[in-house]
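Have a look at the structure below, then the notes.
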Amino acid sequence: MPPARRESDPIRLRRRSRHRRLLLSLLIIITVTSFLWLTAAVLFPVGITWLGVAVLIAIAIPWTVIALSFWSAVIGFFIYLFRGADSPVVMPLDDGGAQARPTGRTAVAMPVFHEDPARFLAGLEATMTSIRLTGMGERFDYFILSDTRDGADAEAEAAAVAAWRTGLPEDVAVHYRRRETNSGRKAGNVMAFCESHGDAYDYMLLLDADSIMDGAVVTRLARLMDANPQVGLIQTTPMITRAGTLFARFMQFGTRIALRPLAVGMAYWFGAESNYYGHNAIIRVAPFKAHCRLPRIRRCGHLNGEILSHDFVEAAFLRRAGLEVWLLPTPAGSYEEVPPDLPRFLKRDRRWCNGNLQHGAVLGGRGLHAVSRSHMAVGIVTYLAGPLWLFLVLAAVWRLAHPYDWVPGGVPDAALIAAKDAIELHLYLIAAVAVMLLAPRFFGAAIVLAVPHERRAMGGSAMVILGMLAEILFTALLAPIMMVTRTLDILTILLGRACRWEPQNRDGQALGFLAALRSQAAPLAVGIAVTAAILAVSPAALPWFAPVLAGLLVSPLLACWTSREGAGLVLTRLGLLRVAEERVPYHVTRLEPGLIANHRAAAPAATGGPHSAETSLVA
């Protein structure tokens, strides 16, 4: 649909979204049903028992999410290649043109909690400088919303902000406030800002302490909000950046590859009911303030209390209020960081696990859109997949020890004959699993290889392919670790071990082997126990379990080795796991001392004439 027809035809937009979601649902149903049929033919060739039914159910639940990811990647791949990530097919909103100047006022808000001031101020200054270089900086003010508690950290933070502000241009408005109480955590911090300052602004661009955004993207978001008053929130697609350790570099490269088709495919079927990731998004302040106050979870045992993953719920509440929520899938200009090592990554994941489980109490709320409910349901299933996959591994070991428990009536000869005849189906099953899981990476790599400037920016064809293969190996080792830790997380959360709100250490620090061993004790113990059980009952079956056991048995070594920045730097010098912005001399994510300050002086005055919105530190 051409952008000019967007506002005049909301009925057509809703109808088109329904058709897309119906098609996606049919593809998922066909895919999951076919996979379950193939699985049953391989595992239960002469019939099925109650244990077999439990196995199929355990497979069907996470496999639905895998099928959703697969078909989103397929759709996104073809749209990306033939229409482009920014096609109206994906996001039919008019932004008024690149030369248009934002008319609404935007507050760029960065909540912080016991963060390194030098680090978050450098990121905010990079974003601010990039916005000023567009020549449209007069419509943006900046807020540092501190929840840092009293003490030395609070004093150091306030002093650092005060010293930093003295060097800023006079026409830049930067405000700093620190709450005396931390009620509501980050969501409460943002709502407190809306109550105290929200009436003075049309929109707020919400950043995390590790967020960096390019001015061209920020000004475009503001123009989109100006031109589309029915829109309440636009979420960008943040890419991981500034990775130093090998762990972070693997995560950074993997998301750069896989997120390209995934983001476009998700935006295609999300439509006006997209999701919110909690940062790097622009929000219309008035409806957010009116409709997005979060309830406390009650009558859910140890899940009671403040909602930790507030973003999904806030997006659902905005949509319930009649506002549209969109995803901007363009894979450039929006950045975040990732925890530098495996233990800290798992620690953050536990907090997200707690928050996603809490969504079960919100899922049935009145008036929520079906797609908003699906976002929450997918988030819950993503974490429940851990214990379900572990159940399948243990069920497979049980089958080795008790093969006839799976055969109706206990007919061993018929079962053994059928199992031998099903070897070809085994291969089909393995191929189906590999294709479904790896498709987003293959499609993403194909997009990079098909676009010359993308290919060159990431080191050339050979480096892209080698990097993808290395990242696939890393992900294969990481997946069983996540399976065990998420299972343990769910059990401990439901048993009452709370998730504390703690500061995040974003700097890399090499782990010693003993520290890595302590952090990975549970995955290692499960790996040793399963390996011993297999060796006791059927040593010949060990190769079939190798893809799962390898990650568990090497988890301490993986945590130790990937926590080192030296290994990541060596690969970068060789051109492996390289991302585009590392080859751009004056990129917005490059926070070397003096780089931003040198370009800040070149920023146009706020009252200057028209400038291209594409001018930024990316140039």
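Every chain in the structure tokens has a letter given in the order shown (A, B, ...), and although residue numbers restart at 1 in each chain, ligands are simply numbered from 1 in the order shown.
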All alpha helix (DSSP H) residues (DSSP, backbone) inside region 249-432 of chain A, as a PyMOL selection string: chain A and resi 249-270+285-291+310-320+342-358+370-401+412-421+423-432
Give the strand (DSSP E) residues of region 202-321 of chain A, as DSSP finds them on the backbone, and put them as number ranges by chain. A: 203-206, 212-213, 231-236, 239-240, 281-284
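Coordinates place CA of Asn356 (chain A) at a distance of 25.1 Å from CA of Thr241 (chain A).
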Mind checking which residues fall within 10 Å of Arg18 (chain A), counting only C-alpha atoms, ignoring those fewer than 5 positions away in the same chain, and posting them as an mmCIF file with N, CA and C atoms, in the first residue's frame?
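Writing the result to selection.cif gives the following:
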data_model
loop_
_atom_site.group_PDB
_atom_site.id
_atom_site.type_symbol
_atom_site.label_atom_id
_atom_site.label_comp_id
_atom_site.auth_asym_id
_atom_site.auth_seq_id
_atom_site.Cartn_x
_atom_site.Cartn_y
_atom_site.Cartn_z
ATOM 1 N N ARG A 12 -8.548 -1.525 5.420
ATOM 2 C CA ARG A 12 -7.733 -2.347 4.531
ATOM 3 C C ARG A 12 -6.475 -2.837 5.248
ATOM 4 N N LEU A 13 -5.889 -1.993 6.077
ATOM 5 C CA LEU A 13 -4.703 -2.386 6.828
ATOM 6 C C LEU A 13 -5.012 -3.547 7.764
ATOM 7 N N LEU A 23 -2.162 -16.729 7.037
ATOM 8 C CA LEU A 23 -1.186 -17.476 6.243
ATOM 9 C C LEU A 23 -0.063 -18.011 7.132
ATOM 10 N N LEU A 24 0.454 -17.147 8.008
ATOM 11 C CA LEU A 24 1.538 -17.577 8.895
ATOM 12 C C LEU A 24 1.078 -18.711 9.802
ATOM 13 N N TRP A 269 4.411 -9.501 9.768
ATOM 14 C CA TRP A 269 3.163 -10.055 10.318
ATOM 15 C C TRP A 269 2.738 -9.388 11.619
ATOM 16 N N GLY A 271 2.655 -6.084 12.034
ATOM 17 C CA GLY A 271 1.839 -4.946 11.624
ATOM 18 C C GLY A 271 1.765 -3.894 12.711
#
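Distance check against Ala533 (chain A) using only C-alpha atoms: of A:Asp507, A:Ala267, A:Leu466, A:Trp398, the minimum falls on A:Trp398.
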Name the residues in contact with Thr572 (chain A) at a cut-off of 12 Å, using only C-alpha atoms, excluding same-chain residues fewer than 6 positions from it; report them as a PyMOL selection string. chain A and resi 243-246+249-250+253+458-459+463+467+565-566+578-580+582-583
What lies within 12 Å of Arg179 (chain A) using only C-alpha atoms, ignoring chain neighbours under 2 positions off, as a PDB file with N, CA and C atoms, in the first residue's frame?
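Final file, out-v9.pdb:
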ATOM      1  N   PRO A 111      17.428   6.120  31.531  1.00  0.00           N
ATOM      2  CA  PRO A 111      17.460   5.659  32.928  1.00  0.00           C
ATOM      3  C   PRO A 111      18.795   4.971  33.227  1.00  0.00           C
ATOM      4  N   VAL A 112      19.351   5.246  34.398  1.00  0.00           N
ATOM      5  CA  VAL A 112      20.609   4.611  34.804  1.00  0.00           C
ATOM      6  C   VAL A 112      20.475   4.118  36.237  1.00  0.00           C
ATOM      7  N   PHE A 113      21.245   3.083  36.541  1.00  0.00           N
ATOM      8  CA  PHE A 113      21.229   2.497  37.881  1.00  0.00           C
ATOM      9  C   PHE A 113      22.614   1.953  38.181  1.00  0.00           C
ATOM     10  N   ILE A 144      18.811  12.489  32.021  1.00  0.00           N
ATOM     11  CA  ILE A 144      19.448  11.344  32.685  1.00  0.00           C
ATOM     12  C   ILE A 144      18.617  11.059  33.925  1.00  0.00           C
ATOM     13  N   LEU A 145      17.958   9.914  33.948  1.00  0.00           N
ATOM     14  CA  LEU A 145      17.021   9.561  35.014  1.00  0.00           C
ATOM     15  C   LEU A 145      17.686   8.532  35.923  1.00  0.00           C
ATOM     16  N   SER A 146      18.270   9.015  36.999  1.00  0.00           N
ATOM     17  CA  SER A 146      19.077   8.143  37.843  1.00  0.00           C
ATOM     18  C   SER A 146      18.246   7.479  38.932  1.00  0.00           C
ATOM     19  N   ASP A 147      18.454   6.190  39.094  1.00  0.00           N
ATOM     20  CA  ASP A 147      17.925   5.437  40.227  1.00  0.00           C
ATOM     21  C   ASP A 147      19.050   4.933  41.126  1.00  0.00           C
ATOM     22  N   THR A 148      20.237   5.491  40.945  1.00  0.00           N
ATOM     23  CA  THR A 148      21.382   5.095  41.768  1.00  0.00           C
ATOM     24  C   THR A 148      21.112   5.456  43.219  1.00  0.00           C
ATOM     25  N   ARG A 149      21.335   4.514  44.103  1.00  0.00           N
ATOM     26  CA  ARG A 149      21.024   4.738  45.515  1.00  0.00           C
ATOM     27  C   ARG A 149      22.094   5.597  46.173  1.00  0.00           C
ATOM     28  N   ASP A 150      21.758   6.106  47.367  1.00  0.00           N
ATOM     29  CA  ASP A 150      22.684   6.971  48.093  1.00  0.00           C
ATOM     30  C   ASP A 150      24.017   6.265  48.309  1.00  0.00           C
ATOM     31  N   ALA A 154      26.450   7.374  43.976  1.00  0.00           N
ATOM     32  CA  ALA A 154      25.575   8.503  43.668  1.00  0.00           C
ATOM     33  C   ALA A 154      26.369   9.809  43.602  1.00  0.00           C
ATOM     34  N   TYR A 176      19.414  16.381  34.709  1.00  0.00           N
ATOM     35  CA  TYR A 176      19.784  15.230  35.532  1.00  0.00           C
ATOM     36  C   TYR A 176      18.947  15.250  36.799  1.00  0.00           C
ATOM     37  N   ARG A 177      18.320  14.099  37.108  1.00  0.00           N
ATOM     38  CA  ARG A 177      17.622  13.993  38.379  1.00  0.00           C
ATOM     39  C   ARG A 177      17.787  12.575  38.921  1.00  0.00           C
ATOM     40  N   THR A 181      13.555   7.367  46.011  1.00  0.00           N
ATOM     41  CA  THR A 181      13.069   5.994  46.150  1.00  0.00           C
ATOM     42  C   THR A 181      13.073   5.337  44.776  1.00  0.00           C
ATOM     43  N   ASN A 182      13.224   4.021  44.759  1.00  0.00           N
ATOM     44  CA  ASN A 182      13.346   3.289  43.495  1.00  0.00           C
ATOM     45  C   ASN A 182      12.108   2.453  43.203  1.00  0.00           C
ATOM     46  N   SER A 183      10.938   2.941  43.598  1.00  0.00           N
ATOM     47  CA  SER A 183       9.720   2.167  43.403  1.00  0.00           C
ATOM     48  C   SER A 183       9.480   1.909  41.920  1.00  0.00           C
ATOM     49  N   GLY A 184       9.101   0.677  41.602  1.00  0.00           N
ATOM     50  CA  GLY A 184       8.799   0.320  40.226  1.00  0.00           C
ATOM     51  C   GLY A 184       9.989   0.062  39.347  1.00  0.00           C
ATOM     52  N   ARG A 185      11.193   0.150  39.891  1.00  0.00           N
ATOM     53  CA  ARG A 185      12.417  -0.089  39.137  1.00  0.00           C
ATOM     54  C   ARG A 185      12.452   0.799  37.887  1.00  0.00           C
ATOM     55  N   LYS A 186      12.891   0.256  36.762  1.00  0.00           N
ATOM     56  CA  LYS A 186      13.029   1.087  35.557  1.00  0.00           C
ATOM     57  C   LYS A 186      11.679   1.612  35.090  1.00  0.00           C
ATOM     58  N   GLY A 188       9.034   2.226  36.841  1.00  0.00           N
ATOM     59  CA  GLY A 188       8.632   3.289  37.746  1.00  0.00           C
ATOM     60  C   GLY A 188       9.422   4.562  37.525  1.00  0.00           C
ATOM     61  N   ASN A 189      10.691   4.416  37.173  1.00  0.00           N
ATOM     62  CA  ASN A 189      11.543   5.563  36.889  1.00  0.00           C
ATOM     63  C   ASN A 189      11.015   6.333  35.678  1.00  0.00           C
ATOM     64  N   VAL A 190      10.669   5.586  34.625  1.00  0.00           N
ATOM     65  CA  VAL A 190      10.163   6.227  33.410  1.00  0.00           C
ATOM     66  C   VAL A 190       8.803   6.877  33.662  1.00  0.00           C
ATOM     67  N   MET A 191       7.924   6.194  34.399  1.00  0.00           N
ATOM     68  CA  MET A 191       6.614   6.769  34.679  1.00  0.00           C
ATOM     69  C   MET A 191       6.739   8.013  35.559  1.00  0.00           C
ATOM     70  N   ALA A 192       7.685   8.013  36.487  1.00  0.00           N
ATOM     71  CA  ALA A 192       7.908   9.208  37.307  1.00  0.00           C
ATOM     72  C   ALA A 192       8.344  10.389  36.441  1.00  0.00           C
ATOM     73  N   PHE A 193       9.166  10.120  35.423  1.00  0.00           N
ATOM     74  CA  PHE A 193       9.558  11.180  34.491  1.00  0.00           C
ATOM     75  C   PHE A 193       8.340  11.698  33.725  1.00  0.00           C
ATOM     76  N   SER A 196       6.389  14.024  35.946  1.00  0.00           N
ATOM     77  CA  SER A 196       7.024  15.293  36.312  1.00  0.00           C
ATOM     78  C   SER A 196       7.316  16.189  35.102  1.00  0.00           C
TER      79      SER A 196
END
Any idea what the distance is between CA of Ala159 (chain A) and CA of Thr129 (chain A)? 21.6 Å
Closest of A:Ala536, A:Ile28, A:Ala521, A:Leu207 to Pro343 (chain A) - atom-to-atom distances counting only C-alpha atoms: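 Residue with the minimum atom-to-atom distance to Pro343 (chain A): A:Ala521.
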Residue contacts of Leu308 (chain A) (10 Å, only C-alpha atoms) excluding same-chain residues fewer than 5 positions away, as a ChimeraX atom specification: /A:184-187,303,351-359,499,501
Please provide as a PyMOL selection string all residues within 12 Å of region 373-379 of chain A, with the sequence filter that same-chain residues fewer than 6 positions apart are discarded (counting only C-alpha atoms). chain A and resi 21+25+61-69+266+269-270+273-277+309-317+319-320+352-367+385
Restricted to C-alpha atoms, what would the selected residues look like written as a PDB file, in the first residue's frame?
ATOM      1  CA  ARG A  21      -1.418 -13.824  10.170  1.00  0.00           C
ATOM      2  CA  SER A  25      -0.660 -19.647  11.221  1.00  0.00           C
ATOM      3  CA  ILE A  61       5.383 -26.586  22.197  1.00  0.00           C
ATOM      4  CA  PRO A  62       8.893 -25.234  21.504  1.00  0.00           C
ATOM      5  CA  TRP A  63       8.756 -26.366  17.898  1.00  0.00           C
ATOM      6  CA  THR A  64       5.884 -23.946  17.321  1.00  0.00           C
ATOM      7  CA  VAL A  65       8.214 -21.064  18.217  1.00  0.00           C
ATOM      8  CA  ILE A  66      10.940 -22.515  15.980  1.00  0.00           C
ATOM      9  CA  ALA A  67       8.468 -22.695  13.082  1.00  0.00           C
ATOM     10  CA  LEU A  68       7.436 -19.089  13.760  1.00  0.00           C
ATOM     11  CA  SER A  69      11.079 -18.004  13.585  1.00  0.00           C
ATOM     12  CA  MET A 266       8.409 -10.202  12.150  1.00  0.00           C
ATOM     13  CA  TRP A 269       3.163 -10.055  10.318  1.00  0.00           C
ATOM     14  CA  PHE A 270       3.267  -7.922  13.484  1.00  0.00           C
ATOM     15  CA  GLU A 273       0.550  -4.765  16.874  1.00  0.00           C
ATOM     16  CA  SER A 274       4.317  -4.998  17.159  1.00  0.00           C
ATOM     17  CA  ASN A 275       6.207  -5.507  20.385  1.00  0.00           C
ATOM     18  CA  TYR A 276       8.373  -3.259  22.566  1.00  0.00           C
ATOM     19  CA  TYR A 277      11.856  -4.181  23.806  1.00  0.00           C
ATOM     20  CA  SER A 309       9.736  -7.422  31.964  1.00  0.00           C
ATOM     21  CA  HIS A 310       7.594  -4.310  31.689  1.00  0.00           C
ATOM     22  CA  ASP A 311       8.025  -3.651  27.960  1.00  0.00           C
ATOM     23  CA  PHE A 312       5.728  -6.374  26.557  1.00  0.00           C
ATOM     24  CA  VAL A 313       2.975  -5.280  28.923  1.00  0.00           C
ATOM     25  CA  GLU A 314       3.319  -1.573  28.121  1.00  0.00           C
ATOM     26  CA  ALA A 315       3.074  -2.312  24.385  1.00  0.00           C
ATOM     27  CA  ALA A 316      -0.043  -4.419  25.005  1.00  0.00           C
ATOM     28  CA  PHE A 317      -1.630  -1.633  27.072  1.00  0.00           C
ATOM     29  CA  ARG A 319      -2.525  -1.244  21.747  1.00  0.00           C
ATOM     30  CA  ARG A 320      -5.511  -1.873  24.021  1.00  0.00           C
ATOM     31  CA  TRP A 352      14.159 -11.884  31.901  1.00  0.00           C
ATOM     32  CA  CYS A 353      12.943 -15.405  32.685  1.00  0.00           C
ATOM     33  CA  ASN A 354      11.254 -14.151  35.844  1.00  0.00           C
ATOM     34  CA  GLY A 355       9.636 -11.279  33.949  1.00  0.00           C
ATOM     35  CA  ASN A 356       8.378 -13.477  31.123  1.00  0.00           C
ATOM     36  CA  LEU A 357       6.863 -15.985  33.550  1.00  0.00           C
ATOM     37  CA  GLN A 358       4.994 -13.094  35.195  1.00  0.00           C
ATOM     38  CA  HIS A 359       3.328 -12.376  31.854  1.00  0.00           C
ATOM     39  CA  GLY A 360       1.194 -15.446  32.466  1.00  0.00           C
ATOM     40  CA  ALA A 361      -0.755 -13.353  34.975  1.00  0.00           C
ATOM     41  CA  VAL A 362      -1.318 -10.584  32.398  1.00  0.00           C
ATOM     42  CA  LEU A 363      -1.969 -12.791  29.382  1.00  0.00           C
ATOM     43  CA  GLY A 364      -5.688 -13.154  30.067  1.00  0.00           C
ATOM     44  CA  GLY A 365      -6.306  -9.485  30.835  1.00  0.00           C
ATOM     45  CA  ARG A 366      -9.405  -7.841  29.406  1.00  0.00           C
ATOM     46  CA  GLY A 367      -9.257  -6.024  26.100  1.00  0.00           C
ATOM     47  CA  ALA A 385      11.486 -24.712  26.079  1.00  0.00           C
TER      48      ALA A 385
END
Using only C-alpha atoms for the distances, tell me which of A:Ala109, A:Ala98, A:Ala200, A:Val218 is nearest to Val174 (chain A). A:Ala109
For Arg256 (chain A), which of A:Arg441, A:Arg165, A:Arg564, A:His197 is the closest residue, counting only C-alpha atoms? A:Arg441
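The space separating CA of Arg348 (chain A) from CA of Glu115 (chain A) comes to 15.2 Å.
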Given the choices A:Asp95, A:Asp341, A:Asp210, A:Glu170, which gets closest to Gly123 (chain A) if the distance is worked out from only C-alpha atoms?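 Closest candidate: A:Asp210.
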Go through region 266-334 of chain A and flag each residue having an atom no more than 10 Å from region 471-494 of chain A; for those, report the closest pair of atoms plus their distance in Å to one decimal, using only C-alpha atoms, ordered by chain and rising number, as a tab-separated table.
residue	atom	partner	partner_atom	distance
A:Cys300	CA	A:Leu494	CA	9.5
A:Gly301	CA	A:Leu494	CA	7.6
A:His302	CA	A:Leu494	CA	5.8
A:Leu303	CA	A:Leu494	CA	7.0
